[in-house]
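This is data.txt. It holds compact mmCIF, C-alpha atoms.
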# COMPACT_ATOMS: atom_id res chain seq x y z
CA MET A 1 -77.67 19.52 100.13
CA ASP A 2 -76.46 18.06 103.42
CA ALA A 3 -77.23 20.27 106.40
CA GLN A 4 -75.66 20.17 109.84
CA LEU A 5 -76.66 21.22 113.32
CA THR A 6 -74.11 23.22 115.33
CA LEU A 7 -73.79 24.40 118.93
CA GLY A 8 -72.78 28.04 119.28
CA PRO A 9 -70.41 29.39 121.95
CA ASN A 10 -71.76 29.55 125.49
CA LEU A 11 -72.54 33.22 126.15
CA PHE A 12 -73.13 32.90 129.88
CA HIS A 13 -70.92 32.83 132.98
CA TRP A 14 -71.66 29.37 134.36
CA ALA A 15 -69.56 27.72 137.06
CA PRO A 16 -66.62 25.74 135.59
CA GLU A 17 -67.94 22.40 136.90
CA ARG A 18 -71.29 23.04 135.30
CA LYS A 19 -69.69 23.89 131.96
CA LEU A 20 -67.52 20.77 132.11
CA ASP A 21 -70.55 18.58 132.70
CA PHE A 22 -72.45 20.39 129.95
CA TYR A 23 -69.80 19.76 127.30
CA ARG A 24 -69.25 16.16 128.41
CA ARG A 25 -72.94 15.52 127.81
CA ILE A 26 -72.78 17.30 124.46
CA ALA A 27 -69.86 15.05 123.46
CA ASP A 28 -71.61 11.86 124.55
CA GLU A 29 -75.28 12.50 123.81
CA SER A 30 -75.87 15.38 121.38
CA PRO A 31 -76.18 14.97 117.57
CA VAL A 32 -74.54 18.34 116.80
CA GLY A 33 -71.68 18.07 114.31
CA THR A 34 -69.79 21.25 115.23
CA VAL A 35 -69.23 22.88 118.62
CA TYR A 36 -67.98 26.45 119.05
CA LEU A 37 -65.85 27.03 122.16
CA GLY A 38 -64.37 30.05 123.89
CA GLU A 39 -65.38 33.16 125.80
CA VAL A 40 -66.87 35.70 123.41
CA VAL A 41 -68.56 38.21 125.76
CA CYS A 42 -66.22 39.23 128.59
CA SER A 43 -62.46 38.73 128.84
CA LYS A 44 -62.63 38.80 132.64
CA ARG A 45 -64.32 35.40 132.56
CA THR A 46 -61.56 33.58 130.66
CA PRO A 47 -59.47 32.49 133.69
CA PHE A 48 -62.40 30.53 135.14
CA PHE A 49 -62.86 28.11 132.25
CA ASP A 50 -60.93 28.84 129.06
CA ASP A 51 -57.53 28.96 130.75
CA ARG A 52 -58.16 25.81 132.79
CA HIS A 53 -60.52 23.51 130.91
CA LEU A 54 -60.83 24.47 127.25
CA GLU A 55 -58.24 22.01 125.94
CA GLU A 56 -59.74 19.15 127.92
CA VAL A 57 -63.21 19.92 126.56
CA ALA A 58 -61.96 20.28 122.98
CA GLU A 59 -60.19 16.92 123.18
CA ARG A 60 -63.30 15.23 124.58
CA LEU A 61 -65.49 16.68 121.82
CA THR A 62 -62.99 15.74 119.10
CA ARG A 63 -62.83 12.14 120.35
CA ALA A 64 -66.62 12.06 120.11
CA GLY A 65 -66.43 13.03 116.43
CA LYS A 66 -67.41 16.68 116.80
CA GLN A 67 -65.66 19.44 114.90
CA VAL A 68 -64.34 22.06 117.32
CA VAL A 69 -64.15 25.74 116.38
CA TYR A 70 -62.53 28.35 118.64
CA SER A 71 -64.47 31.63 118.82
CA SER A 72 -62.84 35.01 119.49
CA LEU A 73 -63.91 37.78 121.82
CA ALA A 74 -66.57 40.05 120.35
CA GLU A 75 -65.26 43.20 122.01
CA VAL A 76 -61.59 44.20 122.19
CA VAL A 77 -60.95 47.39 124.18
CA ILE A 78 -58.11 47.10 126.68
CA LYS A 79 -54.52 45.89 126.34
CA ARG A 80 -55.27 42.52 127.94
CA GLU A 81 -58.01 41.85 125.41
CA ARG A 82 -55.69 42.75 122.53
CA LYS A 83 -53.16 40.28 123.94
CA LEU A 84 -55.81 37.56 124.25
CA LEU A 85 -56.90 38.17 120.67
CA MET A 86 -53.35 37.94 119.37
CA GLU A 87 -52.77 34.68 121.24
CA TRP A 88 -56.05 33.30 119.92
CA SER A 89 -55.13 34.19 116.33
CA GLN A 90 -51.79 32.39 116.61
CA GLN A 91 -53.42 29.00 117.21
CA GLN A 92 -52.17 27.09 114.18
CA GLY A 93 -54.08 24.10 112.86
CA ARG A 94 -57.35 25.10 114.48
CA ASP A 95 -60.65 26.29 113.09
CA LEU A 96 -61.15 29.88 114.23
CA GLU A 97 -64.31 32.00 114.30
CA VAL A 98 -63.85 35.78 114.19
CA ASN A 99 -66.23 37.96 116.21
CA ASN A 100 -64.27 41.21 116.03
CA THR A 101 -62.63 42.81 113.00
CA ALA A 102 -59.42 43.38 114.97
CA ALA A 103 -58.74 39.66 114.58
CA LEU A 104 -58.50 40.01 110.80
CA LEU A 105 -55.28 41.95 111.22
CA HIS A 106 -53.60 38.97 112.86
CA LEU A 107 -54.98 36.20 110.65
CA LYS A 108 -53.24 37.52 107.53
CA ASP A 109 -55.60 35.80 105.07
CA ARG A 110 -55.52 32.44 106.83
CA PRO A 111 -58.76 30.43 106.50
CA HIS A 112 -61.25 31.38 109.20
CA ARG A 113 -64.96 31.69 109.96
CA ILE A 114 -66.99 34.84 110.53
CA GLY A 115 -69.13 34.75 113.67
CA ALA A 116 -72.63 36.10 114.22
CA LEU A 117 -71.28 38.90 116.44
CA LEU A 118 -69.49 40.49 113.49
CA ASN A 119 -71.88 42.41 111.25
CA VAL A 120 -72.29 40.99 107.73
CA TYR A 121 -75.40 42.53 106.22
CA ASN A 122 -74.80 42.33 102.48
CA GLU A 123 -73.15 40.45 99.65
CA ASP A 124 -70.34 42.97 99.13
CA THR A 125 -69.19 42.58 102.73
CA MET A 126 -69.34 38.80 102.40
CA ALA A 127 -67.31 38.89 99.19
CA TYR A 128 -64.70 41.19 100.74
CA LEU A 129 -64.25 38.97 103.78
CA ALA A 130 -64.20 35.80 101.67
CA GLY A 131 -61.43 37.38 99.63
CA ARG A 132 -59.45 37.77 102.85
CA GLY A 133 -59.79 34.11 103.80
CA ALA A 134 -63.27 33.69 105.31
CA THR A 135 -64.70 30.26 104.51
CA HIS A 136 -67.91 30.27 106.57
CA PHE A 137 -70.39 32.92 107.74
CA SER A 138 -72.76 32.82 110.72
CA LEU A 139 -75.43 35.38 109.92
CA LEU A 140 -76.95 37.92 112.29
CA ALA A 141 -80.12 36.76 113.99
CA GLU A 142 -82.10 39.86 112.99
CA LEU A 143 -81.79 39.35 109.23
CA PRO A 144 -85.11 38.87 107.39
CA LYS A 145 -85.72 36.08 104.89
CA PRO A 146 -84.82 38.09 101.73
CA ALA A 147 -81.45 39.02 103.22
CA VAL A 148 -80.76 35.42 104.26
CA ALA A 149 -81.67 34.24 100.76
CA GLY A 150 -79.45 36.84 99.12
CA LEU A 151 -76.46 36.05 101.30
CA ALA A 152 -76.93 32.31 100.85
CA GLU A 153 -76.96 32.79 97.08
CA ALA A 154 -73.81 34.90 97.26
CA ALA A 155 -72.18 32.27 99.46
CA ARG A 156 -72.81 29.59 96.84
CA GLY A 157 -71.01 31.68 94.26
CA LEU A 158 -68.11 32.27 96.65
CA GLY A 159 -67.90 28.64 97.74
CA VAL A 160 -68.38 29.43 101.45
CA GLY A 161 -70.69 28.03 104.12
CA VAL A 162 -73.64 29.86 105.68
CA GLU A 163 -74.99 29.34 109.19
CA VAL A 164 -78.18 30.67 110.81
CA GLN A 165 -79.20 30.62 114.47
CA VAL A 166 -82.44 28.69 114.98
CA PHE A 167 -82.67 28.40 118.77
CA GLY A 168 -81.91 30.55 121.80
CA ARG A 169 -81.80 34.16 122.81
CA ALA A 170 -80.57 36.41 120.01
CA SER A 171 -77.65 38.77 120.55
CA LEU A 172 -78.82 42.30 119.81
CA ALA A 173 -76.04 44.63 121.01
CA LEU A 174 -72.71 44.90 122.81
CA SER A 175 -71.52 47.80 124.95
CA ALA A 176 -68.23 48.94 126.42
CA ARG A 177 -70.12 49.34 129.71
CA CYS A 178 -71.48 46.45 131.77
CA TYR A 179 -75.15 47.05 132.49
CA HIS A 180 -75.32 43.77 134.42
CA ALA A 181 -72.88 45.20 136.98
CA ARG A 182 -74.49 48.64 136.97
CA ALA A 183 -77.92 47.17 137.72
CA HIS A 184 -76.44 45.78 140.95
CA GLY A 185 -74.73 49.04 141.94
CA ARG A 186 -71.28 47.94 140.77
CA ILE A 187 -68.87 49.03 138.09
CA LYS A 188 -67.32 46.90 135.37
CA ASP A 189 -63.89 46.70 137.01
CA SER A 190 -65.31 45.47 140.31
CA CYS A 191 -68.36 43.59 139.07
CA GLN A 192 -67.72 40.56 141.32
CA PHE A 193 -68.94 38.51 138.35
CA VAL A 194 -72.57 39.20 139.14
CA CYS A 195 -73.51 37.93 135.66
CA GLY A 196 -72.95 34.43 137.04
CA GLU A 197 -76.14 34.77 139.07
CA ASP A 198 -78.30 34.62 135.93
CA ASP A 199 -78.01 31.34 134.04
CA ASP A 200 -79.62 32.67 130.85
CA GLY A 201 -79.14 36.39 131.33
CA MET A 202 -80.87 38.94 133.57
CA VAL A 203 -84.40 39.73 132.40
CA LEU A 204 -85.03 43.40 131.72
CA SER A 205 -88.64 44.59 131.96
CA THR A 206 -90.46 47.70 130.78
CA LEU A 207 -91.95 50.22 133.23
CA ASP A 208 -95.22 48.27 133.17
CA GLU A 209 -93.33 45.09 134.17
CA LYS A 210 -93.43 43.41 130.77
CA PRO A 211 -90.31 41.29 130.12
CA PHE A 212 -88.56 42.85 127.15
CA LEU A 213 -84.84 42.01 126.90
CA ALA A 214 -82.15 40.03 128.71
CA VAL A 215 -78.76 41.35 129.82
CA ASN A 216 -75.60 39.24 129.91
CA GLY A 217 -72.69 41.34 131.11
CA ILE A 218 -71.96 43.80 128.30
CA GLN A 219 -74.37 42.01 125.97
CA THR A 220 -78.04 42.72 125.30
CA LEU A 221 -80.11 39.69 124.26
CA SER A 222 -83.68 39.15 123.22
CA TYR A 223 -86.03 38.03 125.98
CA GLY A 224 -87.70 35.46 123.75
CA TYR A 225 -85.93 32.39 122.41
CA LEU A 226 -85.57 31.99 118.67
CA GLU A 227 -87.39 28.83 117.53
CA MET A 228 -87.11 28.29 113.80
CA MET A 229 -87.69 24.58 113.26
CA ALA A 230 -90.36 25.19 110.65
CA GLU A 231 -88.06 27.49 108.66
CA MET A 232 -85.01 25.20 108.47
CA HIS A 233 -86.00 23.28 105.35
CA GLU A 234 -86.81 26.50 103.50
CA MET A 235 -83.43 27.94 104.47
CA ARG A 236 -81.69 24.72 103.47
CA ASP A 237 -83.25 25.04 100.02
CA MET A 238 -81.87 28.61 99.88
CA GLY A 239 -78.38 27.26 100.50
CA VAL A 240 -77.98 27.58 104.27
CA SER A 241 -75.65 24.75 105.26
CA HIS A 242 -75.52 24.95 109.06
CA PHE A 243 -78.12 25.62 111.74
CA ARG A 244 -76.97 26.95 115.11
CA VAL A 245 -78.54 26.32 118.50
CA MET A 246 -77.26 28.41 121.41
CA PRO A 247 -76.51 26.93 124.86
CA HIS A 248 -79.01 27.65 127.62
CA SER A 249 -79.82 26.16 131.01
CA CYS A 250 -82.67 24.02 129.66
CA ASP A 251 -82.12 20.41 128.54
CA MET A 252 -79.85 21.09 125.56
CA ILE A 253 -79.57 17.39 124.73
CA GLU A 254 -83.30 17.24 124.10
CA VAL A 255 -83.18 20.59 122.26
CA THR A 256 -80.46 19.42 119.87
CA LYS A 257 -82.12 16.05 119.33
CA ALA A 258 -85.45 17.68 118.50
CA PHE A 259 -83.86 20.11 116.03
CA ASP A 260 -81.81 17.35 114.42
CA ASP A 261 -84.86 15.11 114.06
CA VAL A 262 -86.67 17.93 112.23
CA LEU A 263 -83.63 18.82 110.12
CA GLN A 264 -83.11 15.22 109.04
CA GLY A 265 -86.81 14.72 108.28
CA ARG A 266 -87.47 12.14 110.98
CA ILE A 267 -90.31 14.21 112.47
CA GLU A 268 -92.38 17.23 111.43
CA ALA A 269 -91.65 20.69 112.79
CA ALA A 270 -94.90 20.68 114.78
CA GLU A 271 -93.79 17.61 116.72
CA GLY A 272 -90.38 19.13 117.32
CA ALA A 273 -91.97 22.34 118.59
CA ALA A 274 -94.15 20.32 120.97
CA ARG A 275 -91.04 18.63 122.36
CA LEU A 276 -89.47 22.04 122.97
CA GLY A 277 -92.64 23.28 124.62
CA ALA A 278 -92.51 20.40 127.08
CA LEU A 279 -89.10 21.56 128.41
CA GLY A 280 -90.62 24.30 130.54
CA ILE A 281 -88.67 27.25 129.09
CA ALA A 282 -90.10 30.31 130.84
CA ALA A 283 -89.58 32.82 128.01
CA PRO A 284 -91.68 32.74 124.82
CA PHE A 285 -90.51 31.43 121.46
CA VAL A 286 -90.07 34.00 118.68
CA ASN A 287 -89.16 34.12 114.97
CA GLY A 288 -90.30 37.58 113.91
CA PHE A 289 -86.99 38.87 112.53
CA TYR A 290 -86.90 36.22 109.81
CA HIS A 291 -90.47 37.00 108.76
CA GLY A 292 -89.97 40.76 108.60
CA VAL A 293 -92.09 41.60 111.64
CA PRO A 294 -91.09 42.67 115.19
CA GLY A 295 -88.53 40.25 116.52
CA ASP A 296 -90.54 39.39 119.64
CA THR A 297 -93.30 37.90 117.49
CA LEU A 298 -93.97 34.22 116.78
CA VAL A 299 -95.27 33.73 113.24
CA PRO A 300 -97.14 30.39 113.06
CA ALA A 301 -95.80 27.77 110.67
Once you've parsed the file, please lay out its structure as structure tokens.
Amino acid sequence: MDAQLTLGPNLFHWAPERKLDFYRRIADESPVGTVYLGEVVCSKRTPFFDDRHLEEVAERLTRAGKQVVYSSLAEVVIKRERKLLMEWSQQQGRDLEVNNTAALLHLKDRPHRIGALLNVYNEDTMAYLAGRGATHFSLLAELPKPAVAGLAEAARGLGVGVEVQVFGRASLALSARCYHARAHGRIKDSCQFVCGEDDDGMVLSTLDEKPFLAVNGIQTLSYGYLEMMAEMHEMRDMGVSHFRVMPHSCDMIEVTKAFDDVLQGRIEAAEGAARLGALGIAAPFVNGFYHGVPGDTLVPA
């Protein structure tokens, strides 16, 4: 089956000019077929980029032949966030990715995608959501291979797409509180957008100074970066149709090109991994979740 590389939504609070340049380069230079746009972590960030530049970016990506999907917030707590979610759900003629079940109320069985920040652990959940209009599922990063295989098989029977993250820090948890602000002696309402100081999240270490997790506002991420080049062909044979790389501050053009070269069979996974290793990413590569071992482990190909 044909498989496609996708670029997930940017989780981090980068400066607007930096984001604009990033997406212009993705439009002009990256082989990804689908790009997910929109703030998914913190509604306070939306005025900086989404309200000012999102339409310009979407138009640029569309002209370049990319499919654009608009992702929803993953956490909806206050009135402003409910309003943002309702406005997002009313965008007719657009591909929408749901990251919070509250959005399902507004979609009223319209076709939509299910994002990786909405928990889908089993076939019954997938079938229920597909019956309500879901056409595509991005699976949770912590699912092991048997679960991925089972969901991919169920997806074939339902006629829906399946997507798996293969690069970048994995989202592990979301909180109503902002630990990023708290770590700097601030509260969520007066955070002064301190999350913008950490391009790829703030590294959290254990008491013996071992890097363990990364914090991005209200979101907890893995410290290590998922790197699953060697597993893509196996997952494609299972029925996985899309492979997601997540934006980070490294050279994402080279990242997407390396993954696409492996996915399309132009190079072996070992060569692709060597190209990633040459990018100077400080954190280790991991793939343990998929192999049923601790997630911070790298199981050799």
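Here the selection is built from only C-alpha atoms, and the residues within 10 Å of (-54.4, 33.1, 106.9) turn out to be A:Ser89, A:Gln92, A:Leu104, A:Leu105, A:His106, A:Leu107, A:Lys108, A:Asp109, A:Arg110, A:Pro111, A:His112, A:Arg132, A:Gly133, A:Ala134.
Counting only C-alpha atoms, the residue from A:Pro300, A:Gly150, A:Gly38, A:Gly168 that sits nearest to Val57 of chain A is A:Gly38.
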**Message:** Residues within 8 Å of Gly115 of chain A, please, as number ranges by chain. Count all atoms listed in the file; anything in the same chain fewer than 5 positions from it doesn't count.
**Reply:** A: 71, 97-99, 137-139
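Of the residues listed (A:Glu153, A:Asp296, A:Asp237, A:Glu254), A:Asp296 shows the shortest atom-to-atom separation from Pro211 of chain A; distances use only C-alpha atoms.
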**Prompt:** Residues at most 8 Å from His291 of chain A, counting all atoms listed in the file, excluding those fewer than 5 positions away in the same chain, as a PyMOL selection string?
**Reply:** chain A and resi 144-145+299
**Asked** Do you know which residues lie at most 12 Å from (-84.7, 20.0, 122.6), with coordinates as in the file and all atoms listed in the file counted, and could you write them as a ChimeraX atom specification?
**Response** /A:30-32,166-168,227,229,245-262,271-281
**Message:** as a VMD selection string, please: the residues near Ala147 of chain A (cut-off 10 Å, only C-alpha atoms, same-chain neighbours under 4 positions excluded).
**Reply:** chain A and resid 121 to 123 139 142 to 143 151 to 153 290
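For the atom pair formed by atom CA of Leu221 of chain A and atom CA of Gln192 of chain A, the distance is 21.1 Å, given to one decimal.
Of note, atom CA of Asp198 of chain A and atom CA of Ser222 of chain A are spaced 14.5 Å apart.
Of note, atom CA of Val69 of chain A and atom CA of Leu117 of chain A are spaced 15.0 Å apart.
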**Request:** List the neighbours of Leu61 of chain A out to 10 Å using only C-alpha atoms; skip same-chain residues closer than 5 positions along the sequence, and give me the result as an MDAnalysis selection string.
**Result:** chainID A and resid 23:28 33:35 55:56 66:68
**Request:** Using all atoms listed in the file, determine which residues lie at most 10 Å from Ser175 of chain A, disregarding the query and same-chain residues fewer than 4 positions distant; provide the list as a PyMOL selection string.
**Result:** chain A and resi 75+179+217-220
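Between Met238 of chain A and the residues A:Leu85, A:Ala155, A:Ala64, A:Val293, the shortest atom-to-atom distance, using only C-alpha atoms, involves A:Ala155.
Taking only C-alpha atoms into account, Arg18 of chain A lies nearest to A:Asp199 out of the set A:Asp95, A:Glu81, A:Asp51, A:Asp199.
Nearest residue to Ala15 of chain A among A:Ala176, A:Cys195, A:Ala301, A:Met235 is A:Cys195, counting only C-alpha atoms.
Minimum atom-to-atom distances from A:Leu129, A:Ala58, A:Leu37, A:Met202 to Thr6 of chain A were compared using only C-alpha atoms, and the lowest value belongs to A:Leu37.
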